[in-house]
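Structure file run_9.cif with mmCIF, N, CA and C atoms:
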```cif
data_final
loop_
_atom_site.label_atom_id
_atom_site.label_comp_id
_atom_site.auth_asym_id
_atom_site.auth_seq_id
_atom_site.Cartn_x
_atom_site.Cartn_y
_atom_site.Cartn_z
N MET A 1 1.76 2.44 -28.45
CA MET A 1 0.80 2.66 -27.38
C MET A 1 0.23 4.07 -27.44
N ASN A 2 0.99 5.01 -27.94
CA ASN A 2 0.51 6.39 -28.03
C ASN A 2 -0.40 6.53 -29.23
N ASN A 3 -1.67 6.83 -28.99
CA ASN A 3 -2.65 7.00 -30.05
C ASN A 3 -2.97 8.48 -30.18
N PRO A 4 -2.56 9.13 -31.29
CA PRO A 4 -2.74 10.58 -31.40
C PRO A 4 -4.21 11.01 -31.48
N THR A 5 -5.12 10.11 -31.80
CA THR A 5 -6.52 10.49 -31.89
C THR A 5 -7.21 10.49 -30.53
N ARG A 6 -6.56 9.97 -29.52
CA ARG A 6 -7.17 9.90 -28.20
C ARG A 6 -6.92 11.19 -27.42
N ASN A 7 -7.91 11.64 -26.70
CA ASN A 7 -7.85 12.88 -25.95
C ASN A 7 -6.93 12.74 -24.73
N PRO A 8 -5.91 13.61 -24.59
CA PRO A 8 -5.02 13.52 -23.43
C PRO A 8 -5.76 13.69 -22.10
N SER A 9 -6.82 14.49 -22.08
CA SER A 9 -7.59 14.65 -20.85
C SER A 9 -8.27 13.35 -20.44
N ALA A 10 -8.74 12.61 -21.42
CA ALA A 10 -9.37 11.32 -21.15
C ALA A 10 -8.33 10.32 -20.63
N ARG A 11 -7.15 10.36 -21.22
CA ARG A 11 -6.09 9.47 -20.75
C ARG A 11 -5.68 9.83 -19.33
N ALA A 12 -5.59 11.13 -19.05
CA ALA A 12 -5.23 11.58 -17.70
C ALA A 12 -6.28 11.12 -16.70
N ALA A 13 -7.55 11.24 -17.07
CA ALA A 13 -8.63 10.80 -16.18
C ALA A 13 -8.55 9.29 -15.94
N ALA A 14 -8.19 8.55 -16.97
CA ALA A 14 -8.06 7.09 -16.83
C ALA A 14 -6.91 6.76 -15.86
N HIS A 15 -5.81 7.50 -15.98
CA HIS A 15 -4.68 7.25 -15.07
C HIS A 15 -5.04 7.63 -13.63
N ARG A 16 -5.82 8.68 -13.45
CA ARG A 16 -6.27 9.04 -12.10
C ARG A 16 -7.17 7.95 -11.52
N ALA A 17 -8.01 7.37 -12.35
CA ALA A 17 -8.87 6.28 -11.88
C ALA A 17 -8.04 5.05 -11.51
N MET A 18 -7.02 4.76 -12.32
CA MET A 18 -6.14 3.63 -11.99
C MET A 18 -5.36 3.90 -10.71
N ALA A 19 -5.00 5.15 -10.47
CA ALA A 19 -4.29 5.52 -9.24
C ALA A 19 -5.18 5.27 -8.03
N ARG A 20 -6.45 5.69 -8.13
CA ARG A 20 -7.39 5.44 -7.02
C ARG A 20 -7.58 3.95 -6.80
N ALA A 21 -7.69 3.19 -7.88
CA ALA A 21 -7.87 1.74 -7.76
C ALA A 21 -6.65 1.10 -7.11
N ALA A 22 -5.47 1.63 -7.40
CA ALA A 22 -4.23 1.08 -6.83
C ALA A 22 -4.24 1.20 -5.31
N LEU A 23 -4.83 2.26 -4.79
CA LEU A 23 -4.85 2.47 -3.34
C LEU A 23 -5.65 1.40 -2.61
N PHE A 24 -6.64 0.83 -3.30
CA PHE A 24 -7.53 -0.13 -2.65
C PHE A 24 -7.29 -1.56 -3.09
N SER A 25 -6.22 -1.80 -3.84
CA SER A 25 -5.94 -3.16 -4.31
C SER A 25 -5.45 -4.03 -3.15
N ASP A 26 -5.50 -5.32 -3.38
CA ASP A 26 -5.13 -6.29 -2.35
C ASP A 26 -3.65 -6.65 -2.47
N THR A 27 -2.79 -5.64 -2.25
CA THR A 27 -1.34 -5.83 -2.31
C THR A 27 -0.70 -5.11 -1.13
N SER A 28 0.61 -5.21 -1.04
CA SER A 28 1.31 -4.55 0.07
C SER A 28 1.23 -3.03 -0.08
N ALA A 29 1.43 -2.34 1.01
CA ALA A 29 1.36 -0.88 1.02
C ALA A 29 2.40 -0.27 0.08
N SER A 30 3.59 -0.84 0.04
CA SER A 30 4.63 -0.27 -0.83
C SER A 30 4.26 -0.44 -2.31
N THR A 31 3.65 -1.55 -2.66
CA THR A 31 3.22 -1.78 -4.03
C THR A 31 2.10 -0.84 -4.41
N ARG A 32 1.16 -0.65 -3.49
CA ARG A 32 0.04 0.26 -3.76
C ARG A 32 0.55 1.68 -3.98
N LEU A 33 1.47 2.13 -3.13
CA LEU A 33 2.03 3.47 -3.25
C LEU A 33 2.80 3.63 -4.56
N LYS A 34 3.57 2.63 -4.92
CA LYS A 34 4.34 2.68 -6.16
C LYS A 34 3.41 2.80 -7.37
N ARG A 35 2.36 1.98 -7.41
CA ARG A 35 1.40 2.04 -8.52
C ARG A 35 0.66 3.36 -8.54
N TYR A 36 0.25 3.85 -7.36
CA TYR A 36 -0.44 5.15 -7.26
C TYR A 36 0.44 6.26 -7.83
N ASN A 37 1.69 6.34 -7.36
CA ASN A 37 2.61 7.38 -7.80
C ASN A 37 2.87 7.31 -9.31
N HIS A 38 2.98 6.10 -9.83
CA HIS A 38 3.20 5.93 -11.26
C HIS A 38 2.05 6.53 -12.07
N HIS A 39 0.83 6.21 -11.71
CA HIS A 39 -0.33 6.69 -12.46
C HIS A 39 -0.57 8.19 -12.28
N ILE A 40 -0.33 8.71 -11.09
CA ILE A 40 -0.50 10.15 -10.88
C ILE A 40 0.55 10.93 -11.68
N THR A 41 1.77 10.42 -11.74
CA THR A 41 2.81 11.07 -12.53
C THR A 41 2.43 11.11 -14.00
N LYS A 42 1.90 9.99 -14.51
CA LYS A 42 1.46 9.95 -15.91
C LYS A 42 0.33 10.94 -16.15
N ALA A 43 -0.62 11.01 -15.24
CA ALA A 43 -1.76 11.92 -15.39
C ALA A 43 -1.28 13.36 -15.40
N ARG A 44 -0.36 13.71 -14.51
CA ARG A 44 0.15 15.08 -14.47
C ARG A 44 0.91 15.43 -15.74
N ALA A 45 1.67 14.49 -16.27
CA ALA A 45 2.42 14.72 -17.50
C ALA A 45 1.46 14.95 -18.68
N LEU A 46 0.37 14.21 -18.71
CA LEU A 46 -0.60 14.36 -19.79
C LEU A 46 -1.34 15.69 -19.71
N GLU A 47 -1.51 16.20 -18.50
CA GLU A 47 -2.25 17.45 -18.32
C GLU A 47 -1.35 18.68 -18.37
N ALA A 48 -0.04 18.48 -18.43
CA ALA A 48 0.89 19.61 -18.49
C ALA A 48 0.71 20.35 -19.81
N PRO A 49 0.95 21.66 -19.82
CA PRO A 49 0.87 22.41 -21.09
C PRO A 49 1.81 21.80 -22.14
N ALA A 50 1.40 21.88 -23.38
CA ALA A 50 2.12 21.23 -24.47
C ALA A 50 3.60 21.64 -24.55
N GLY A 51 3.91 22.87 -24.31
CA GLY A 51 5.28 23.35 -24.41
C GLY A 51 6.17 22.91 -23.26
N GLN A 52 5.56 22.48 -22.18
CA GLN A 52 6.33 22.12 -20.98
C GLN A 52 6.92 20.72 -21.10
N GLY A 53 6.19 19.74 -21.63
CA GLY A 53 6.69 18.38 -21.75
C GLY A 53 6.83 17.71 -20.40
N GLU A 54 7.50 16.54 -20.40
CA GLU A 54 7.71 15.81 -19.16
C GLU A 54 8.91 16.37 -18.41
N ALA A 55 8.78 16.50 -17.10
CA ALA A 55 9.84 17.10 -16.29
C ALA A 55 11.01 16.14 -16.11
N SER A 56 10.73 14.83 -15.99
CA SER A 56 11.84 13.90 -15.78
C SER A 56 11.92 12.85 -16.81
#
```

Starting from the file, give its structure as C-alpha coordinates.
Amino acid sequence: MNNPTRNPSARAAAHRAMARAALFSDTSASTRLKRYNHHITKARALEAPAGQGEAS
(Lines of atoms letter the chains of each structure in order from A and count residues from 1; the text may use other names and numbers.)
(Lines give C-alpha, C1' and ligand atoms only; values in the text may rest on other atoms or scores of the structure.)
Protein backbone atom coordinates (compact mmCIF):
# COMPACT_ATOMS: atom_id res chain seq x y z
CA MET A 1 0.00 0.00 0.00
CA ASN A 2 2.93 2.34 0.61
CA ASN A 3 3.94 3.87 -2.72
CA PRO A 4 7.29 5.69 -2.42
CA THR A 5 6.62 7.80 -5.53
CA ARG A 6 3.53 9.39 -4.02
CA ASN A 7 3.85 12.72 -2.22
CA PRO A 8 3.26 12.43 1.56
CA SER A 9 1.62 15.87 1.56
CA ALA A 10 -0.89 14.68 -1.01
CA ARG A 11 -1.60 11.58 1.05
CA ALA A 12 -2.05 13.71 4.17
CA ALA A 13 -4.47 15.98 2.30
CA ALA A 14 -6.42 12.92 1.14
CA HIS A 15 -6.68 11.65 4.73
CA ARG A 16 -7.89 15.08 5.89
CA ALA A 17 -10.57 15.00 3.19
CA MET A 18 -11.62 11.50 4.29
CA ALA A 19 -11.76 12.74 7.90
CA ARG A 20 -14.11 15.58 6.89
CA ALA A 21 -16.25 13.15 4.90
CA ALA A 22 -16.44 10.83 7.92
CA LEU A 23 -18.03 13.60 9.98
CA PHE A 24 -20.95 13.87 7.56
CA SER A 25 -21.49 10.20 6.77
CA ASP A 26 -24.77 8.47 7.51
CA THR A 27 -23.54 6.41 10.48
CA SER A 28 -23.64 6.59 14.26
CA ALA A 29 -21.76 9.36 16.06
CA SER A 30 -19.27 6.93 17.56
CA THR A 31 -18.45 5.47 14.15
CA ARG A 32 -18.04 8.91 12.63
CA LEU A 33 -15.70 9.98 15.44
CA LYS A 34 -13.66 6.78 15.17
CA ARG A 35 -13.22 7.21 11.39
CA TYR A 36 -12.42 10.93 11.78
CA ASN A 37 -9.76 10.25 14.44
CA HIS A 38 -8.23 7.46 12.36
CA HIS A 39 -7.77 9.67 9.29
CA ILE A 40 -6.53 12.70 11.23
CA THR A 41 -3.94 10.53 12.99
CA LYS A 42 -2.72 9.21 9.64
CA ALA A 43 -2.53 12.74 8.21
CA ARG A 44 -0.53 14.00 11.19
CA ALA A 45 1.87 11.06 10.95
CA LEU A 46 2.44 11.75 7.25
CA GLU A 47 3.13 15.42 7.91
CA ALA A 48 5.51 14.80 10.83
CA PRO A 49 9.20 15.54 10.19
CA ALA A 50 11.02 12.55 8.72
CA GLY A 51 13.22 11.99 11.78
CA GLN A 52 10.28 11.97 14.18
CA GLY A 53 8.35 8.97 12.78
CA GLU A 54 5.07 7.76 14.23
CA ALA A 55 4.51 8.47 17.92
CA SER A 56 2.48 5.35 18.66

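Those residues returned by the PyMOL selection byres ((chain A and resi 31-45) around 5) for this file are Ala12, His15, Ala19, Ala22, Ser28, Ala29, Ser30, Leu46, Glu47 and Ala48 of chain A.
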
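One finds CA of Pro49 (chain A) at 10.9 Å from CA of Pro8 (chain A).
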
key: Coordinates-based distance that separates atom N of Ala21 (chain A) from atom C of Ser9 (chain A) (Å, one decimal)   = 16.2 Å
